[in-house]
Amino acid sequence: MYTHLFAALLLTQASPAPPQQDPARGRIEGVVLRAASNDPVIGARVTLSRPSELNTGTSVTTTGAGSSVNLFQVPPVPTTTSNTPPPPTSLPPPPLAPVVTDNGGRFTFSNLEAGTFRLFVNLDGYVRQEYGQRVFPGQGTPLTITTGAVLKDRTIRMTPTGNVGGRIVDGLGKPAVGVPLVLMKAVYTQAGQRAFQIAGNARTNDRGEYRFYWVTPGRYYLAGGTPQGPPQGIGPGNAPASPNESGESYTFTYFPGVTDITRAIAIEVVPGGDFVADFFVPKQQLFTIRGRIVDPALAGVGPPSASIALAYQQANGANTMFSRNPLYHPATGAFELREVLPGPYVLYANTLGGSARMPIEVVNADIDGVVLAVNAGLTINGQVSVDQGRLPSTGVRVQFRPVIAGSLAMVGNMPQTQGINPDGTFTIANVLPGQYRIIALTPPEFYVKQVRFDRFDGSSQTVDVVQRGLETPTVDVVLSPNVGQLEGVVSDAKAGGAAGVSIVLIPDANRDRIDLYKTATTDQSGRFTLRGIAPGEYKVFAWETLEPNGYFDPDLLRRSESSGRAVRVTESSKQSIDVRVIPAN
């Protein structure tokens with residue numbers, strides 16, 4: 001009996017009662033559930049952070065294929081060159097210890113100082129996400145704690161990840177060993193141009209098999225092989241798994257086995273699903289481009305010197321050039337570029353007499369007979385005027401964006417104004433002959449009413465810049481201060497105001513004119529305001545979840561077309577409209 005009493009006394013001393021909640025401190029209570037089933041998620045790691053502790057410039061890794069991103073980076077230690085000690089500063093509060101969900105998926109943070117916090121949760125096999133986050137990647141909803149406040153019933157529904165795997169064979173039907181693979185997510189820039197974010201990397205084994213695991217659900221493109229650009233050796237991240245590996249290189253090929261991204265098929269990764277993607281990737285071949293550089297000012301001979309390079313767009317949207325020891329013969333202007341990987345390029349040549357460029361695509365053979373005609377470039381004179389108003393002192397710029405092979409060029413120079421004179425005149429020099437889209441950028445209180453290029457409409461169509469003897473092309477831009485305005489409320493299925501919803505105004509016609517797009521985010525009551533609108537026919541879309549610049553995605557627009565609210569904007573008009581939210585599903 002005494003033994004049991006003594007043991008009970010020791011147990012009581014070793015297990016102190018939990019600390020009492022300070023009434024001046026706050027508390028957050030919540031639960032983590034599995035999306036769709038609402039089953040509790042046990043053992044999830046929940047982290048509460050102050051916004052100042054987060055590195056907001058870091059993106060979240062979307063797969064677990066051997067790589068990770070540190071979301072909490074320690075800032076570098078400041079250095080000083082002075083002997084004067086730095087002024088004393090108050091130390092920031094220590095980071096909060098993470099908690100783990102219990103058998104019911106519940107968690108609690110106690111004794112919190114007043115302030116704003118962000119709540120994150122992660123667990124292997126689930127998407128790492130933030131409280132209130134609606135789209136991946138994206139941000140969630142901050143939590144504000146006042147003195148002594150208690151926030152209860154904060155629910156986070158975790159989304160299970162998916163997997164992508166398969167087998168790759170070469171041209172002989174044999175396992176393709178050591179093929180580097182990349183999983184890419186299509187994104188859009190502020191200029192409406194599609195690019196790709198790398199979502200994961202993998203490599204085939206001796207059986208030609210590969211696997212991406214813990215992939216965030218969504219639409220992806222899959223490619224294997226060596227990407228376009230200068231040929232590269234095996235790097236540190238692509239080292240052979242065995243010293244007996246041959247180290248073969250493979251043509252950069254998109255699933256289901258094509259080299260043209262426009263023919264690639266997107267794969268859909270669903271929560272908890274496994275996508276099998278078997279495809280064919282041929283062994284890599286290198287090709288040669290041959291041609292001549294012609295300068296009309298030099299009778300029958302080539303320029304004394306020339307710089308020749310190939311420009312291309314990387315998968316992530318970055319533009320780059322490379323020159324791999326080109327051969328050039330000034331006596332004839334002949335040139336040769338060797339060891340070129342297949343893919344679309346823009347071939348550039350710069351000489352003392354000017355420049356030349358030409359779109360070119362290497363497929364499966366050498367290219368001969370290319371002729372690059374050197375041109376010093378044209379000087380375009382222009383005039384900016386304002387209809388019923390004064391010219392703004394700043395914020396006006398005119399760009400000539402090259403259009404190559406039917407689309408806006410992502411590489412090369414972009415001729416533009418270096419400044420607008422007080423009388424509205426400007427000059428753009430060194431514009432090579434070719435096709436361009438004229439973009440006029442204005443302050444928000446103006447819109448572009450008209451663009452005329454050599455007396456033709458240049459606002460809604462491309463223009464051709466050609467050399468016509470000594471005649472100089474001209475461009476006239478007319479601005480107007482009579483912009484329209486839209487305001488209103490976005491309501492959800494319960495007829496309540498929808499907060500944090502992305503509002504996008506998109507023109508019915510000329511959807512490639514990104515200067516006509518207007519965006520906003522609804523406030524806590526679901527209200528929004530769109531200003532600086534050019535007159536015209538539009539549709540207003542209110543997406544509950546929208547990735548950055550996702551409204552440029554033609555697939556999204558096609559699916560949402562019937563959900564848009566049609567509206568007609570006239571000069572100086574102010575309208576109020578109601579819009580229904582487009583649900584996330």
# chains A, B, ... in the order shown; residues from 1 in each chain; ligands from 1
call {"tool": "select_by_dssp", "arguments": {"residues": "region 451-529 of chain A", "states": "strand (DSSP E or B)", "output": "PyMOL selection string"}}
result
chain A and resi 451-453+456-457+463-465+468+471+474-480+484-491+497+502-507+518-521+527-529
call {"tool": "residues_around", "arguments": {"residues": "Met358 (chain A)", "least_positions_apart": "6", "cutoff": "9 Å", "atoms": "only C-alpha atoms", "output": "PyMOL selection string"}}
result
chain A and resi 345-348+370-372+404
call {"tool": "write_last_selection", "arguments": {"atoms": "N, CA and C atoms", "output": "short mmCIF file (atom, residue, chain, number, x, y, z; two decimals), in the first residue's frame"}}
result
data_model
loop_
_atom_site.label_atom_id
_atom_site.label_comp_id
_atom_site.auth_asym_id
_atom_site.auth_seq_id
_atom_site.Cartn_x
_atom_site.Cartn_y
_atom_site.Cartn_z
N TYR A 345 14.35 28.99 -82.63
CA TYR A 345 15.31 30.04 -82.26
C TYR A 345 15.01 31.31 -83.05
N VAL A 346 15.69 32.37 -82.64
CA VAL A 346 15.79 33.57 -83.47
C VAL A 346 17.28 33.76 -83.73
N LEU A 347 17.64 33.74 -84.99
CA LEU A 347 19.03 33.87 -85.40
C LEU A 347 19.37 35.35 -85.54
N TYR A 348 20.41 35.79 -84.83
CA TYR A 348 20.81 37.20 -84.84
C TYR A 348 22.21 37.35 -85.41
N VAL A 370 20.55 29.92 -95.40
CA VAL A 370 19.98 31.04 -94.66
C VAL A 370 20.65 32.34 -95.12
N VAL A 371 19.86 33.37 -95.38
CA VAL A 371 20.38 34.67 -95.78
C VAL A 371 19.93 35.71 -94.75
N LEU A 372 20.89 36.35 -94.10
CA LEU A 372 20.62 37.42 -93.14
C LEU A 372 21.00 38.75 -93.77
N ILE A 404 7.33 37.64 -83.98
CA ILE A 404 8.11 36.71 -84.78
C ILE A 404 7.38 35.38 -84.83
#
call {"tool": "closest_residue", "arguments": {"among": "A:Asp102, A:Asp523, A:Arg452, A:Thr379", "to": "Glu471 (chain A)", "atoms": "only C-alpha atoms"}}
result
A:Thr379
call {"tool": "residues_around", "arguments": {"residues": "Ala499 (chain A)", "least_positions_apart": "5", "cutoff": "12 Å", "atoms": "only C-alpha atoms", "output": "ChimeraX atom specification"}}
result
/A:132,141,489-492,520-528,542-545,581
call {"tool": "closest_residue", "arguments": {"among": "A:Ile420, A:Gly488, A:Ile439, A:Pro344", "to": "Gln575 (chain A)", "atoms": "only C-alpha atoms"}}
result
A:Gly488
call {"tool": "closest_atom_pairs", "arguments": {"of": "region 154-235 of chain A", "to": "region 553-565 of chain A", "cutoff": "10 Å", "atoms": "only C-alpha atoms", "output": "CSV"}}
result
residue,atom,partner,partner_atom,distance
A:Ala186,CA,A:Asp553,CA,8.9
A:Val187,CA,A:Asp553,CA,8.2
A:Tyr188,CA,A:Asp553,CA,7.4
A:Gly192,CA,A:Asp553,CA,8.5
A:Gln193,CA,A:Asp553,CA,9.5
A:Arg194,CA,A:Asp553,CA,8.2
